[in-house]
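> File name coords-v6.json; file contents JSON, C-alpha atoms; full text below.
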[["chain", "number", "residue", "atom", "x", "y", "z"],
["U", 1051, "MET", "CA", 0.00, 0.00, 0.00],
["U", 1052, "ILE", "CA", 1.25, 3.47, -0.85],
["U", 1053, "THR", "CA", 1.36, 5.80, 2.13],
["U", 1054, "PRO", "CA", -0.06, 9.28, 1.44],
["U", 1055, "LEU", "CA", 2.39, 12.12, 1.89],
["U", 1056, "LYS", "CA", 1.55, 14.79, 4.43],
["U", 1057, "HIS", "CA", 0.98, 18.12, 2.70],
["U", 1058, "ARG", "CA", 4.07, 19.71, 4.25],
["U", 1059, "ASP", "CA", 6.22, 16.74, 3.20],
["U", 1060, "HIS", "CA", 5.43, 16.95, -0.53],
["U", 1061, "PRO", "CA", 8.69, 17.28, -2.37],
["U", 1062, "PRO", "CA", 8.64, 19.32, -5.58],
["U", 1063, "ALA", "CA", 8.79, 16.09, -7.63],
["U", 1064, "SER", "CA", 5.46, 14.90, -6.22],
["U", 1065, "LYS", "CA", 3.75, 18.17, -7.20],
["U", 1066, "GLN", "CA", 5.23, 17.91, -10.67],
["U", 1067, "ARG", "CA", 4.04, 14.31, -11.02],
["U", 1068, "LEU", "CA", 0.56, 15.32, -9.84],
["U", 1069, "ARG", "CA", 0.45, 18.12, -12.44],
["U", 1070, "PHE", "CA", 1.63, 15.63, -15.07],
["U", 1071, "TRP", "CA", -1.16, 13.20, -14.11],
["U", 1072, "LEU", "CA", -3.81, 15.93, -14.30],
["U", 1073, "ARG", "CA", -2.57, 17.00, -17.74],
["U", 1074, "VAL", "CA", -2.63, 13.40, -18.97],
["U", 1075, "LEU", "CA", -6.24, 13.09, -17.77],
["U", 1076, "LYS", "CA", -7.26, 16.40, -19.35],
["U", 1077, "LEU", "CA", -5.67, 15.48, -22.68],
["U", 1078, "GLN", "CA", -7.18, 11.98, -22.64],
["U", 1079, "ARG", "CA", -10.65, 13.38, -21.92],
["U", 1080, "HIS", "CA", -10.32, 15.96, -24.69],
["U", 1081, "ILE", "CA", -9.13, 13.45, -27.30],
["U", 1082, "GLU", "CA", -11.80, 10.95, -26.28],
["U", 1083, "ALA", "CA", -14.56, 13.60, -26.49],
["U", 1084, "VAL", "CA", -13.45, 14.62, -29.99],
["U", 1085, "LEU", "CA", -13.28, 11.00, -31.16],
["U", 1086, "ARG", "CA", -16.69, 10.20, -29.64],
["U", 1087, "GLU", "CA", -18.27, 13.10, -31.49],
["U", 1088, "LYS", "CA", -16.54, 12.28, -34.78],
["U", 1089, "LEU", "CA", -17.54, 8.60, -34.58],
["U", 1090, "ARG", "CA", -21.14, 9.61, -33.89],
["U", 1091, "ALA", "CA", -21.26, 12.24, -36.64],
["U", 1092, "GLU", "CA", -19.39, 10.30, -39.33],
["U", 1093, "PHE", "CA", -20.49, 6.72, -38.66],
["U", 1094, "GLY", "CA", -23.46, 6.91, -36.28],
["U", 1095, "THR", "CA", -21.56, 4.76, -33.80],
["U", 1096, "THR", "CA", -20.11, 5.00, -30.31],
["U", 1097, "LEU", "CA", -16.60, 4.74, -28.94],
["U", 1098, "PRO", "CA", -17.44, 1.63, -26.87],
["U", 1099, "ARG", "CA", -18.82, -0.07, -30.00],
["U", 1100, "PHE", "CA", -15.66, 0.92, -31.92],
["U", 1101, "ASP", "CA", -13.54, -0.48, -29.07],
["U", 1102, "VAL", "CA", -15.40, -3.82, -29.13],
["U", 1103, "MET", "CA", -14.94, -4.07, -32.89],
["U", 1104, "ALA", "CA", -11.24, -3.17, -32.52],
["U", 1105, "ALA", "CA", -10.73, -5.90, -29.93],
["U", 1106, "LEU", "CA", -12.44, -8.47, -32.16],
["U", 1107, "HIS", "CA", -10.45, -7.27, -35.17],
["U", 1108, "HIS", "CA", -7.28, -7.80, -33.12],
["U", 1109, "HIS", "CA", -8.45, -11.32, -32.15],
["U", 1110, "GLU", "CA", -9.52, -12.68, -35.54],
["U", 1111, "ARG", "CA", -10.53, -16.09, -34.17],
["U", 1112, "GLY", "CA", -12.87, -14.36, -31.74],
["U", 1113, "LEU", "CA", -13.10, -14.10, -27.99],
["U", 1114, "ARG", "CA", -15.35, -15.47, -25.30],
["U", 1115, "MET", "CA", -17.43, -12.72, -23.74],
["U", 1116, "SER", "CA", -15.46, -12.86, -20.48],
["U", 1117, "ALA", "CA", -12.16, -12.55, -22.37],
["U", 1118, "LEU", "CA", -13.54, -9.64, -24.39],
["U", 1119, "SER", "CA", -14.61, -7.89, -21.17],
["U", 1120, "SER", "CA", -11.20, -8.50, -19.62],
["U", 1121, "PHE", "CA", -9.40, -7.26, -22.72],
["U", 1122, "LEU", "CA", -11.46, -4.05, -22.69],
["U", 1123, "LYS", "CA", -11.31, -3.76, -18.88],
["U", 1124, "VAL", "CA", -15.09, -3.39, -18.57],
["U", 1125, "SER", "CA", -17.86, -5.51, -17.06],
["U", 1126, "ASN", "CA", -19.53, -8.38, -18.91],
["U", 1127, "GLY", "CA", -22.80, -6.46, -18.73],
["U", 1128, "ASN", "CA", -21.35, -3.50, -20.61],
["U", 1129, "VAL", "CA", -20.08, -5.72, -23.41],
["U", 1130, "THR", "CA", -23.22, -7.86, -23.72],
["U", 1131, "GLY", "CA", -25.45, -4.99, -24.84],
["U", 1132, "ILE", "CA", -22.91, -3.76, -27.37],
["U", 1133, "VAL", "CA", -22.37, -7.26, -28.78],
["U", 1134, "ASP", "CA", -26.15, -7.82, -28.98],
["U", 1135, "ARG", "CA", -26.53, -4.68, -31.12],
["U", 1136, "LEU", "CA", -23.52, -5.61, -33.28],
["U", 1137, "VAL", "CA", -25.08, -9.05, -33.89],
["U", 1138, "LEU", "CA", -28.39, -7.41, -34.92],
["U", 1139, "ASP", "CA", -26.46, -5.15, -37.31],
["U", 1140, "GLY", "CA", -24.70, -8.14, -38.88],
["U", 1141, "CYS", "CA", -21.23, -7.04, -37.73],
["U", 1142, "VAL", "CA", -20.61, -9.77, -35.14],
["U", 1143, "MET", "CA", -21.58, -13.43, -34.90],
["U", 1144, "ARG", "CA", -21.74, -15.77, -31.93],
["U", 1145, "VAL", "CA", -20.09, -19.14, -32.50],
["U", 1146, "PRO", "CA", -20.53, -22.08, -30.09],
["U", 1147, "VAL", "CA", -17.36, -23.47, -28.49],
["U", 1148, "LYS", "CA", -17.14, -27.17, -29.39],
["U", 1149, "SER", "CA", -15.44, -28.14, -26.13],
["U", 1150, "ASP", "CA", -17.99, -26.27, -23.96],
["U", 1151, "ARG", "CA", -21.62, -26.28, -25.12],
["U", 1152, "ARG", "CA", -22.48, -23.41, -22.78],
["U", 1153, "ALA", "CA", -19.77, -21.07, -24.09],
["U", 1154, "MET", "CA", -19.85, -18.80, -27.11],
["U", 1155, "VAL", "CA", -17.10, -17.00, -28.96],
["U", 1156, "VAL", "CA", -17.90, -13.70, -30.63],
["U", 1157, "ARG", "CA", -16.12, -12.64, -33.78],
["U", 1158, "LEU", "CA", -16.49, -10.09, -36.54],
["U", 1159, "THR", "CA", -18.40, -11.05, -39.67],
["U", 1160, "LYS", "CA", -17.14, -9.99, -43.09],
["U", 1161, "LYS", "CA", -19.40, -6.95, -42.85],
["U", 1162, "GLY", "CA", -17.98, -6.19, -39.40],
["U", 1163, "ARG", "CA", -14.39, -6.53, -40.64],
["U", 1164, "ASP", "CA", -15.11, -4.30, -43.64],
["U", 1165, "ASP", "CA", -16.95, -1.68, -41.55],
["U", 1166, "PHE", "CA", -14.24, -1.67, -38.90],
["U", 1167, "SER", "CA", -11.39, -1.45, -41.43],
["U", 1168, "HIS", "CA", -12.99, 1.65, -42.95],
["U", 1169, "MET", "CA", -13.67, 3.25, -39.56],
["U", 1170, "ALA", "CA", -10.18, 2.41, -38.28],
["U", 1171, "GLY", "CA", -8.53, 4.15, -41.23],
["U", 1172, "VAL", "CA", -10.61, 7.29, -40.70],
["U", 1173, "HIS", "CA", -10.03, 7.09, -36.93],
["U", 1174, "GLU", "CA", -6.26, 6.92, -37.48],
["U", 1175, "GLY", "CA", -6.49, 10.09, -39.57],
["U", 1176, "TRP", "CA", -8.39, 11.88, -36.80],
["U", 1177, "VAL", "CA", -5.82, 10.87, -34.19],
["U", 1178, "ASN", "CA", -3.03, 11.96, -36.50],
["U", 1179, "GLU", "CA", -4.68, 15.39, -36.89],
["U", 1180, "LEU", "CA", -5.24, 15.74, -33.15],
["U", 1181, "LEU", "CA", -1.61, 14.90, -32.34],
["U", 1182, "ALA", "CA", -0.02, 16.67, -35.34],
["U", 1183, "GLU", "CA", 1.96, 19.04, -33.09],
["U", 1184, "LEU", "CA", 3.83, 16.06, -31.66],
["U", 1185, "SER", "CA", 6.89, 14.97, -33.66],
["U", 1186, "PRO", "CA", 7.55, 11.25, -34.15],
["U", 1187, "ASP", "CA", 10.60, 11.54, -31.85],
["U", 1188, "GLU", "CA", 8.49, 13.23, -29.15],
["U", 1189, "ALA", "CA", 5.84, 10.53, -29.50],
["U", 1190, "ASP", "CA", 8.51, 7.82, -29.17],
["U", 1191, "ALA", "CA", 9.96, 9.48, -26.05],
["U", 1192, "MET", "CA", 6.52, 9.80, -24.42],
["U", 1193, "MET", "CA", 5.65, 6.20, -25.25],
["U", 1194, "ALA", "CA", 8.95, 5.03, -23.75],
["U", 1195, "GLY", "CA", 8.16, 6.91, -20.53],
["U", 1196, "MET", "CA", 4.64, 5.50, -20.42],
["U", 1197, "ASP", "CA", 5.94, 1.99, -21.06],
["U", 1198, "ARG", "CA", 8.38, 2.42, -18.16],
["U", 1199, "LEU", "CA", 5.54, 3.55, -15.89],
["U", 1200, "ASN", "CA", 3.28, 0.69, -17.00],
["U", 1201, "GLN", "CA", 6.05, -1.80, -16.34],
["U", 1202, "SER", "CA", 6.82, -0.43, -12.88],
["U", 1203, "MET", "CA", 3.13, -0.29, -11.92],
["U", 1204, "GLY", "CA", 2.57, -3.81, -13.20],
["U", 1205, "GLU", "CA", 5.39, -5.05, -11.04],
["U", 1206, "GLN", "CA", 4.00, -3.21, -8.00],
["U", 1207, "HIS", "CA", 0.39, -4.36, -8.42],
["U", 1208, "GLU", "CA", 0.67, -7.94, -9.67]]
If you took the structure in this file and wrote it as structure tokens, what would it be?

Amino acid sequence: MITPLKHRDHPPASKQRLRFWLRVLKLQRHIEAVLREKLRAEFGTTLPRFDVMAALHHHERGLRMSALSSFLKVSNGNVTGIVDRLVLDGCVMRVPVKSDRRAMVVRLTKKGRDDFSHMAGVHEGWVNELLAELSPDEADAMMAGMDRLNQSMGEQHE
């Protein structure tokens, strides 16, 4: 467990790290809000739906619902409604697992793959526009720092 610092004991580095964290949150919220609006306006879809399709695109053989929820770090209930709508729209299919009659794997249909591929290309363009002020070297340096943080946090919390 991390012990909270007393206000008078905060070294300058802790204030700087707190400011960094708040800026990361602000930037993430801004980018996410822009992408949500663009996905809605351009494709009539939502960011959670895009995320489910992205996860299934990444796992071509499909995923069980619990694995999909874990991959997206959301509850099974959140994913079920999205998958139900994607099935109705012909973008996702449920396939029984031969070794477990109760289990189903969900995967993209051809329509789902085609729709997602188109959306993903447009989405990449939007992200590129949003982050255009960041040079490739700056992006690499920031990703290296974030990877270092992820690794250290994973070691602390696993």
> Give me the residues near stretch 1089-1101 of chain U as a PyMOL selection string, where near means some atom within 12 Å (using only C-alpha atoms) and where sequence neighbours in that chain fewer than 6 positions away do not count.
chain U and resi 1081-1083+1107-1108+1118-1119+1121-1124+1128-1137+1139+1141-1142+1158+1162-1163+1165-1170+1172-1174+1176-1177
> What is the distance, in Å and to one decimal place, between atom CA of U:Arg1079 and atom CA of U:Gly1127?
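Computing it gives 23.5 Å between the two atoms.
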> What are the centre and edge lengths in Å, to one decimal, of the axis-aligned box around all listed atoms of stretch 1129-1147 of chain U with 5 Å added on each side, as AutoDock Vina command-line options?

--center_x -22.9 --center_y -13.6 --center_z -31.1 --size_x 21.0 --size_y 29.7 --size_z 25.5
> For a test of reading the model, state the distance in Å between atom CA of U:Lys1160 and atom CA of U:Gly1175, rounded to one decimal.
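Straight-line distance from atom CA of U:Lys1160 to atom CA of U:Gly1175 works out to 23.0 Å.
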> What separation in Å, quoted to one decimal, exists between atom CA of U:Phe1070 and atom CA of U:Glu1179?
22.7 Å
> For U:Leu1106, list every protein, DNA or RNA residue within 8 Å, evaluated using all atoms listed in the file, and leave out those in the same chain fewer than 2 positions away; present the list as a tab-separated table (two decimals) with C-alpha atoms, in the frame of the given file.

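Produced file part_24.tsv, reproduced below:
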chain	number	residue	atom	x	y	z
U	1102	VAL	CA	-15.40	-3.82	-29.13
U	1103	MET	CA	-14.94	-4.07	-32.89
U	1104	ALA	CA	-11.24	-3.17	-32.52
U	1108	HIS	CA	-7.28	-7.80	-33.12
U	1109	HIS	CA	-8.45	-11.32	-32.15
U	1110	GLU	CA	-9.52	-12.68	-35.54
U	1112	GLY	CA	-12.87	-14.36	-31.74
U	1113	LEU	CA	-13.10	-14.10	-27.99
U	1118	LEU	CA	-13.54	-9.64	-24.39
U	1156	VAL	CA	-17.90	-13.70	-30.63
U	1157	ARG	CA	-16.12	-12.64	-33.78
U	1158	LEU	CA	-16.49	-10.09	-36.54
> Taking into account all atoms listed in the file, which residue in the set U:Ser1149, U:Leu1184, U:Gly1171, U:Arg1144 is nearest to U:Arg1111?
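Going through U:Ser1149, U:Leu1184, U:Gly1171, U:Arg1144 one by one, the smallest distance to U:Arg1111 is for U:Arg1144.
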